[in-house]
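This is structure.cif (mmCIF, C-alpha atoms).
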data_run
loop_
_atom_site.label_atom_id
_atom_site.label_comp_id
_atom_site.auth_asym_id
_atom_site.auth_seq_id
_atom_site.Cartn_x
_atom_site.Cartn_y
_atom_site.Cartn_z
CA MET A 258 74.07 85.56 82.22
CA ARG A 259 77.77 85.93 83.06
CA ILE A 260 79.34 89.17 84.27
CA ILE A 261 82.89 89.07 82.96
CA GLN A 262 85.45 91.57 84.21
CA VAL A 263 88.48 91.87 81.93
CA LEU A 264 91.77 93.67 82.56
CA PRO A 265 95.39 93.37 81.42
CA CYS A 266 96.82 92.36 84.79
CA LEU A 267 95.26 91.29 88.09
CA LYS A 268 97.83 92.12 90.78
CA TYR A 269 97.65 91.70 94.53
CA GLY A 270 97.65 95.11 96.22
CA ASP A 271 97.20 97.08 92.98
CA ALA A 272 94.43 99.73 93.05
CA VAL A 273 92.81 98.54 89.80
CA GLY A 274 93.13 94.92 90.89
CA ASN A 275 91.62 95.67 94.30
CA ASP A 276 88.72 97.49 92.64
CA THR A 277 88.15 94.55 90.30
CA LEU A 278 88.03 92.10 93.22
CA ALA A 279 85.75 94.35 95.26
CA LEU A 280 83.29 94.68 92.37
CA HIS A 281 83.52 90.93 91.77
CA ASN A 282 82.56 90.25 95.39
CA ALA A 283 79.73 92.79 95.17
CA LEU A 284 78.35 91.05 92.09
CA LEU A 285 78.53 87.63 93.76
CA HIS A 286 76.91 89.05 96.90
CA HIS A 287 73.96 90.24 94.82
CA GLY A 288 73.45 86.91 93.08
CA PHE A 289 75.26 87.45 89.78
CA LYS A 290 77.49 84.86 88.15
CA ALA A 291 80.83 86.65 87.94
CA GLU A 292 84.23 85.88 86.43
CA ILE A 293 87.54 87.71 85.92
CA TYR A 294 89.99 87.34 83.03
CA ALA A 295 93.45 88.88 82.76
CA GLU A 296 96.61 88.27 80.80
CA ALA A 297 98.48 87.87 84.09
CA VAL A 298 96.82 86.76 87.34
CA ASP A 299 98.58 86.83 90.71
CA GLU A 300 98.68 83.30 92.15
CA LYS A 301 97.07 84.57 95.37
CA LEU A 302 94.01 85.73 93.41
CA LYS A 303 93.18 82.72 91.26
CA LYS A 304 90.73 81.52 93.91
CA TYR A 305 88.45 84.49 93.03
CA HIS A 306 87.05 82.99 89.80
CA ALA A 307 90.05 84.67 88.13
CA TYR A 308 91.43 83.10 84.96
CA THR A 309 94.29 83.82 82.57
CA ILE A 310 93.35 84.95 79.10
CA ASP A 311 94.32 81.61 77.53
CA MET A 312 91.25 80.17 79.32
CA TRP A 313 88.98 82.77 77.71
CA LYS A 314 85.39 81.67 77.07
CA ALA A 315 83.78 83.96 74.53
CA PRO A 316 80.76 85.74 76.05
CA LYS A 317 77.26 85.14 74.76
CA LYS A 318 74.82 87.82 73.66
CA ASP A 319 73.16 88.10 77.08
CA ASP A 320 76.45 88.31 79.00
CA VAL A 321 78.03 91.57 80.19
CA LEU A 322 81.72 92.32 79.66
CA ILE A 323 83.23 94.95 81.98
CA TYR A 324 86.62 96.18 80.80
CA HIS A 325 88.97 97.99 83.20
CA LEU A 326 90.65 100.59 81.03
CA SER A 327 93.95 101.74 82.54
CA ILE A 328 96.77 100.96 80.08
CA GLY A 329 97.37 99.60 76.59
CA TRP A 330 96.67 95.91 76.02
CA LYS A 331 97.62 93.60 73.17
CA TYR A 332 94.42 91.58 73.64
CA ILE A 333 92.07 94.55 73.26
CA ASP A 334 90.46 92.92 70.19
CA LEU A 335 88.90 90.34 72.55
CA VAL A 336 86.94 93.23 74.03
CA LYS A 337 86.16 94.93 70.73
CA ASP A 338 85.01 91.71 69.04
CA ALA A 339 82.93 90.33 71.91
CA LYS A 340 79.29 89.83 70.85
CA CYS A 341 77.66 90.89 74.11
CA ARG A 342 76.77 93.93 76.18
CA LYS A 343 79.89 95.91 77.00
CA MET A 344 80.70 98.50 79.63
CA ALA A 345 83.99 99.93 80.85
CA ILE A 346 85.46 101.22 84.08
CA TYR A 347 87.90 104.00 83.26
CA HIS A 348 90.79 104.47 85.68
CA ASN A 349 92.62 106.87 83.35
CA ILE A 350 95.92 106.34 81.55
CA THR A 351 99.07 108.19 82.54
CA PRO A 352 100.29 110.48 79.72
CA LYS A 353 103.21 108.77 78.02
CA ASP A 354 105.59 111.75 78.19
CA PHE A 355 106.07 111.28 81.95
CA PHE A 356 108.03 108.10 81.13
CA LYS A 357 110.09 109.47 78.24
CA GLY A 358 113.75 108.75 78.94
CA TYR A 359 112.88 106.61 81.97
CA ASP A 360 111.02 103.48 80.87
CA ASN A 361 110.48 102.73 77.19
CA ALA A 362 108.16 99.78 77.86
CA VAL A 363 105.80 101.82 80.06
CA TYR A 364 106.04 104.72 77.59
CA ASP A 365 104.90 102.40 74.79
CA ASN A 366 102.11 100.89 76.92
CA CYS A 367 100.76 104.32 77.84
CA LYS A 368 100.95 105.45 74.22
CA ARG A 369 99.10 102.33 73.11
CA GLY A 370 96.54 102.83 75.87
CA LEU A 371 95.81 106.42 74.87
CA ASP A 372 95.52 105.37 71.22
CA GLU A 373 93.14 102.59 72.25
CA VAL A 374 90.95 104.97 74.25
CA ARG A 375 90.43 107.08 71.14
CA ASP A 376 89.67 103.89 69.18
CA LEU A 377 87.07 102.69 71.70
CA THR A 378 84.69 105.65 71.58
CA ASN A 379 81.87 103.58 70.06
CA VAL A 380 82.58 100.20 71.68
CA PHE A 381 80.89 100.53 75.08
CA ASP A 382 77.22 101.00 75.98
CA TYR A 383 78.03 102.46 79.38
CA ILE A 384 81.07 103.61 81.39
CA LEU A 385 81.84 104.15 85.06
CA CYS A 386 84.69 106.55 85.96
CA ASP A 387 86.58 106.80 89.25
CA SER A 388 86.39 110.61 89.21
CA GLU A 389 84.91 113.62 87.43
CA PHE A 390 88.39 114.21 86.02
CA ASN A 391 88.25 110.81 84.31
CA LYS A 392 84.73 111.46 83.02
CA ASN A 393 85.76 114.77 81.49
CA ASP A 394 88.76 113.01 79.96
CA LEU A 395 86.50 110.59 78.10
CA ILE A 396 84.14 113.33 76.98
CA SER A 397 87.11 115.19 75.51
CA TYR A 398 87.99 112.06 73.53
CA GLY A 399 84.50 111.97 72.02
CA PHE A 400 82.70 109.31 74.07
CA LYS A 401 78.91 109.70 73.70
CA CYS A 402 77.56 106.82 75.83
CA LYS A 403 76.18 107.36 79.33
CA ILE A 404 78.99 107.93 81.85
CA ASP A 405 78.59 107.92 85.64
CA VAL A 406 81.14 108.57 88.39
CA LEU A 407 81.75 105.96 91.09
CA PRO A 408 84.69 105.93 93.53
CA ILE A 409 86.96 102.92 93.78
CA LEU A 410 85.75 100.35 96.31
CA ILE A 411 88.35 100.38 99.08
CA PRO A 412 88.69 97.46 101.58
CA PHE A 413 88.74 99.51 104.80
CA GLU A 414 88.47 96.42 106.99
CA ASP A 415 91.99 95.48 105.90
CA TYR A 416 93.34 98.72 107.38
CA LYS A 417 92.21 97.67 110.84
CA LYS A 418 94.79 94.88 110.93
CA LYS A 419 97.72 95.12 113.31
CA PRO A 420 100.58 97.26 111.91
CA ALA A 421 104.20 96.14 111.98
CA GLN A 422 105.36 96.90 115.51
CA ASN A 423 109.07 97.06 114.68
CA ILE A 424 108.51 100.17 112.53
CA ILE A 425 106.30 101.82 115.13
CA ARG A 426 108.80 101.11 117.93
CA ARG A 427 111.66 102.45 115.83
CA TYR A 428 110.13 105.82 115.03
CA GLN A 429 107.27 106.69 117.38
CA ASN A 430 109.42 108.34 120.08
CA GLU A 431 112.06 109.87 117.84
CA PRO A 432 112.34 113.69 117.65
CA GLY A 433 111.18 115.31 114.43
CA HIS A 434 108.08 114.86 112.30
CA ASN A 435 107.41 112.13 109.76
CA ILE A 436 106.33 113.13 106.24
CA LEU A 437 104.75 110.39 104.15
CA PHE A 438 103.95 109.64 100.54
CA VAL A 439 102.54 106.29 99.43
CA GLY A 440 102.59 105.26 95.79
CA ARG A 441 104.71 103.72 93.07
CA VAL A 442 108.06 105.34 92.46
CA ALA A 443 107.01 106.65 89.04
CA PRO A 444 107.77 109.91 87.19
CA ASN A 445 104.15 111.17 87.18
CA LYS A 446 104.21 111.09 90.99
CA LYS A 447 106.88 113.84 90.92
CA ILE A 448 108.72 112.42 93.89
CA GLU A 449 111.61 114.80 93.23
CA ASP A 450 109.25 117.65 94.16
CA ILE A 451 108.33 115.92 97.42
CA ILE A 452 112.04 115.60 98.19
CA ALA A 453 112.66 119.28 97.35
CA ALA A 454 109.82 120.46 99.62
CA PHE A 455 111.00 118.13 102.38
CA ALA A 456 114.57 119.45 102.08
CA LYS A 457 113.30 123.00 102.53
CA TYR A 458 111.10 121.99 105.49
CA LYS A 459 114.00 120.18 107.13
CA GLU A 460 116.35 123.13 106.55
CA VAL A 461 114.04 125.86 107.83
CA TYR A 462 111.77 124.22 110.40
CA ASP A 463 112.64 120.70 111.53
CA PRO A 464 116.20 119.35 111.16
CA ASP A 465 115.12 116.01 112.67
CA ALA A 466 112.28 115.41 110.16
CA ARG A 467 112.08 112.21 108.13
CA LEU A 468 110.55 111.49 104.72
CA PHE A 469 109.08 108.06 104.00
CA LEU A 470 108.45 107.20 100.34
CA VAL A 471 106.45 103.99 100.52
CA GLY A 472 106.09 102.27 97.18
CA ASN A 473 107.60 99.81 94.76
CA TYR A 474 110.66 100.49 92.66
CA SER A 475 113.30 98.53 90.81
CA GLY A 476 116.94 98.94 91.79
CA LYS A 477 117.74 99.23 88.07
CA ASP A 478 115.02 101.83 87.49
CA ILE A 479 116.42 105.03 85.94
CA TYR A 480 113.93 107.29 87.71
CA TYR A 481 114.67 105.74 91.12
CA ARG A 482 118.43 106.08 90.58
CA ARG A 483 118.04 109.75 89.65
CA LEU A 484 116.00 110.32 92.80
CA GLN A 485 118.76 108.74 94.85
CA ASP A 486 121.31 110.99 93.14
CA TYR A 487 119.11 113.99 93.95
CA VAL A 488 118.90 112.98 97.62
CA ASP A 489 122.69 112.66 97.71
CA ALA A 490 123.16 116.04 96.00
CA LEU A 491 120.96 117.67 98.66
CA LYS A 492 122.95 115.87 101.36
CA LEU A 493 119.76 114.48 102.91
CA THR A 494 120.12 111.59 105.34
CA ASP A 495 116.51 111.05 106.34
CA VAL A 496 114.81 110.08 103.05
CA HIS A 497 113.64 106.45 103.22
CA PHE A 498 112.53 104.49 100.15
CA SER A 499 110.63 101.43 101.37
CA GLY A 500 110.56 99.41 98.16
CA HIS A 501 108.18 96.45 98.12
CA ILE A 502 107.06 95.76 101.69
CA LYS A 503 104.40 93.78 103.53
CA PHE A 504 100.93 95.23 104.01
CA ASN A 505 101.31 95.48 107.79
CA GLU A 506 104.44 97.58 107.24
CA ILE A 507 102.50 99.99 105.02
CA LEU A 508 99.95 100.28 107.83
CA ALA A 509 102.75 101.10 110.26
CA TYR A 510 104.02 103.98 108.11
CA TYR A 511 100.53 105.46 108.02
CA ARG A 512 100.40 105.14 111.83
CA ILE A 513 103.67 106.97 112.48
CA ALA A 514 103.20 109.72 109.88
CA ASP A 515 102.34 113.32 110.78
CA VAL A 516 101.50 114.58 107.27
CA PHE A 517 100.71 113.02 103.90
CA LEU A 518 102.33 115.06 101.12
CA CYS A 519 101.37 114.52 97.47
CA MET A 520 103.03 116.32 94.55
CA SER A 521 101.70 114.00 91.81
CA GLU A 522 100.83 115.54 88.46
CA HIS A 523 98.60 112.76 87.21
CA GLU A 524 96.09 110.69 89.19
CA GLY A 525 92.87 109.09 88.04
CA PHE A 526 91.74 108.74 91.67
CA CYS A 527 94.65 108.37 94.19
CA VAL A 528 93.72 105.72 96.74
CA PRO A 529 96.45 106.76 99.27
CA ILE A 530 94.57 110.04 99.80
CA VAL A 531 91.56 108.09 101.03
CA GLU A 532 93.80 105.80 103.07
CA SER A 533 95.28 108.89 104.73
CA MET A 534 91.78 110.06 105.63
CA PHE A 535 91.15 106.67 107.23
CA PHE A 536 94.30 107.04 109.37
CA GLN A 537 93.36 110.62 110.34
CA LEU A 538 96.44 111.96 108.63
CA PRO A 539 96.41 115.61 107.48
CA ILE A 540 96.78 115.81 103.70
CA ILE A 541 98.67 118.46 101.74
CA ALA A 542 98.49 118.00 97.98
CA TYR A 543 99.24 119.64 94.67
CA ASP A 544 96.00 120.41 92.82
CA SER A 545 96.32 118.28 89.69
CA SER A 546 94.22 115.79 87.73
CA ALA A 547 91.79 113.92 90.05
CA VAL A 548 93.45 114.88 93.35
CA GLY A 549 90.95 117.65 94.10
CA ASP A 550 88.03 115.39 93.17
CA THR A 551 89.17 112.75 95.63
CA LEU A 552 89.83 115.23 98.43
CA GLY A 553 86.37 116.71 97.90
CA GLY A 554 87.08 119.85 99.89
CA ALA A 555 89.14 118.16 102.60
CA GLY A 556 92.89 118.58 103.09
CA ILE A 557 94.95 121.50 101.80
CA LEU A 558 95.36 121.95 98.06
CA PHE A 559 98.00 124.21 96.55
CA LYS A 560 98.20 125.29 92.91
CA GLU A 561 101.86 126.29 92.56
CA LYS A 562 104.92 124.26 93.46
CA ASN A 563 106.68 126.83 95.58
CA PHE A 564 108.77 124.65 97.88
CA ASN A 565 109.21 127.38 100.49
CA GLU A 566 105.44 127.73 100.75
CA VAL A 567 104.88 123.97 100.85
CA ALA A 568 107.44 123.70 103.66
CA ALA A 569 105.58 126.45 105.53
CA LEU A 570 102.30 124.59 105.05
CA ILE A 571 103.79 121.42 106.50
CA ASN A 572 105.11 123.36 109.47
CA ARG A 573 101.77 125.03 110.12
CA VAL A 574 99.88 121.73 110.00
CA VAL A 575 102.21 119.98 112.45
CA THR A 576 102.37 122.94 114.88
CA ASP A 577 98.79 124.27 114.79
CA ASP A 578 96.57 121.77 116.61
CA VAL A 579 93.40 123.72 115.79
CA LEU A 580 94.10 123.57 112.07
CA LYS A 581 95.15 119.93 112.27
CA ASN A 582 91.93 118.94 114.05
CA GLU A 583 89.83 120.91 111.55
CA MET A 584 91.55 119.08 108.71
CA ILE A 585 91.04 115.67 110.30
CA SER A 586 87.35 116.47 110.91
CA ALA A 587 86.83 117.55 107.29
CA GLU A 588 88.63 114.42 106.07
CA ALA A 589 86.40 112.23 108.25
CA ASP A 590 83.33 113.81 106.66
CA ARG A 591 84.73 113.19 103.19
CA LEU A 592 85.70 109.62 104.11
CA SER A 593 82.03 108.79 104.66
CA ASP A 594 81.50 109.22 100.90
CA PHE A 595 83.75 106.21 100.34
CA ASP A 596 81.90 103.92 102.75
CA ASN A 597 81.96 100.42 101.30
CA ASN A 598 78.24 99.77 101.63
CA LYS A 599 77.42 103.13 100.08
CA VAL A 600 79.73 102.64 97.09
CA GLU A 601 78.74 99.00 96.61
CA ASN A 602 75.02 99.84 96.68
CA GLN A 603 75.58 102.67 94.23
CA PHE A 604 77.46 100.32 91.91
CA ILE A 605 74.64 97.77 92.02
CA THR A 606 72.08 100.54 91.34
CA PHE A 607 74.09 101.80 88.36
CA PHE A 608 74.64 98.27 87.11
CA THR A 609 71.05 97.07 87.38
CA ASP A 610 69.84 100.26 85.68
CA TYR A 611 72.30 99.54 82.88
CA LEU A 612 70.99 95.96 82.58
CA LYS A 613 67.44 97.28 82.21
CA ARG A 614 68.46 99.80 79.57
CA SER A 615 70.45 97.24 77.59
CA ALA A 616 67.97 94.33 77.84
#
Could the structure of this file be written out as structure tokens, please?
Amino acid sequence: MRIIQVLPCLKYGDAVGNDTLALHNALLHHGFKAEIYAEAVDEKLKKYHAYTIDMWKAPKKDDVLIYHLSIGWKYIDLVKDAKCRKMAIYHNITPKDFFKGYDNAVYDNCKRGLDEVRDLTNVFDYILCDSEFNKNDLISYGFKCKIDVLPILIPFEDYKKKPAQNIIRRYQNEPGHNILFVGRVAPNKKIEDIIAAFAKYKEVYDPDARLFLVGNYSGKDIYYRRLQDYVDALKLTDVHFSGHIKFNEILAYYRIADVFLCMSEHEGFCVPIVESMFFQLPIIAYDSSAVGDTLGGAGILFKEKNFNEVAALINRVVTDDVLKNEMISAEADRLSDFDNNKVENQFITFFTDYLKRSA
């Protein structure tokens, strides 16, 4: 019996890719024969029994295909036509309208993905979702198979590596607080709202504050260019876009930050929230999609994007040590729910139960 994980793209450092690799290692650890297939495979990851789709070996009846559903894929018929047991892991698909006028290719991929979800309602025997939000999404599309919720497996050991010292030395003794967001520079992340709240915080409370937006972007990207124009229009000099950086540099930004601020309007899970918990970083977030599920009662959620109020929240968190310590304590409690052994064991329990049901 082969356990075959399939996804459109296996990228180094990508949340879906990291989850795929973590599940792959869990399967190997528990004695299963596991493989990964993707249309594109990062060269660094080919050592993990990861193959490009042109090397596809059709599964046999007793095999299990696990499809990571996160975007549209031109090879989806390989999944639909496979003559084996089939389950999915649903990471959610960003609504296409976020990308309208910004990126036609991503718009089309998201549209295709959402169309595919509706076309896959009877394809899978079983589905795991990263969050209750994702589960409810599938139920609304008409999925009838058994669906369980399992958090993404996060490699916490990697976060214990040494952070980039040049970044820490540059900012650790500077006046002013450091506001952080980590994630792709993408329209659904609503980075313009983070900038607006930061501008108000800087104006009213902390003129020396800095905003670090740590995530990939393309210099030709329309959304990124509009964000830069917005920063210029607000006459802000302390907004830093990191672009693609090394992992130890990401760790350094988490180390120097005082608050993690999230204004995203669509998340299927949001790994940086959990990373912020690991780094004992107070979290302030807009209550949308799966953000509240992932916080699980920790952090501060707000339901309206009133930038004056968000600025006041930031100020209270960085000036009220009692509140800050209460937040960090609550986040530590929530972080225990994402313990690797706990999540891995739950995955194996879910998976072996599914094998018994589908035998």
Expansion of the PyMOL selection byres ((chain A and resi 550) around 10) into residues, as a PyMOL selection string: chain A and resi 387-391+525-527+544-549+551-555
Chain and number of each residue from the PyMOL selection byres ((chain A and resi 317) around 12), as a list in words: Met258, Arg259, Ile260, Ile261, Lys314, Ala315, Pro316, Lys318, Asp319, Asp320, Val321, Leu322, Asp338, Ala339, Lys340, Cys341, Arg342 and Lys343 of chain A
Atom CA of Ile452 of chain A to atom CA of His348 of chain A, straight-line distance in Å: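 Computing it gives 27.1 Å between the two atoms.
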Compile the contact shell of Asn572 of chain A as a tab-separated table (two decimals) with C-alpha atoms, in the coordinates of the input: residues with an atom at most 9 Å away, counting all atoms listed in the file, same-chain residues fewer than 4 positions apart removed.
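Okay, this is what ended up in result_17.tsv:
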chain	number	residue	atom	x	y	z
A	458	TYR	CA	111.10	121.99	105.49
A	462	TYR	CA	111.77	124.22	110.40
A	463	ASP	CA	112.64	120.70	111.53
A	567	VAL	CA	104.88	123.97	100.85
A	568	ALA	CA	107.44	123.70	103.66
A	576	THR	CA	102.37	122.94	114.88
A	577	ASP	CA	98.79	124.27	114.79
Spatial neighbours of segment 507-521 of chain A, max dist 9 Å, only C-alpha atoms, sep filter under 2 positions, as a ChimeraX atom specification: /A:416-425,428-429,434-439,444-451,469,471-472,502-505,523-524,529-530,532-533,536,538-546,548,562,571,574-575
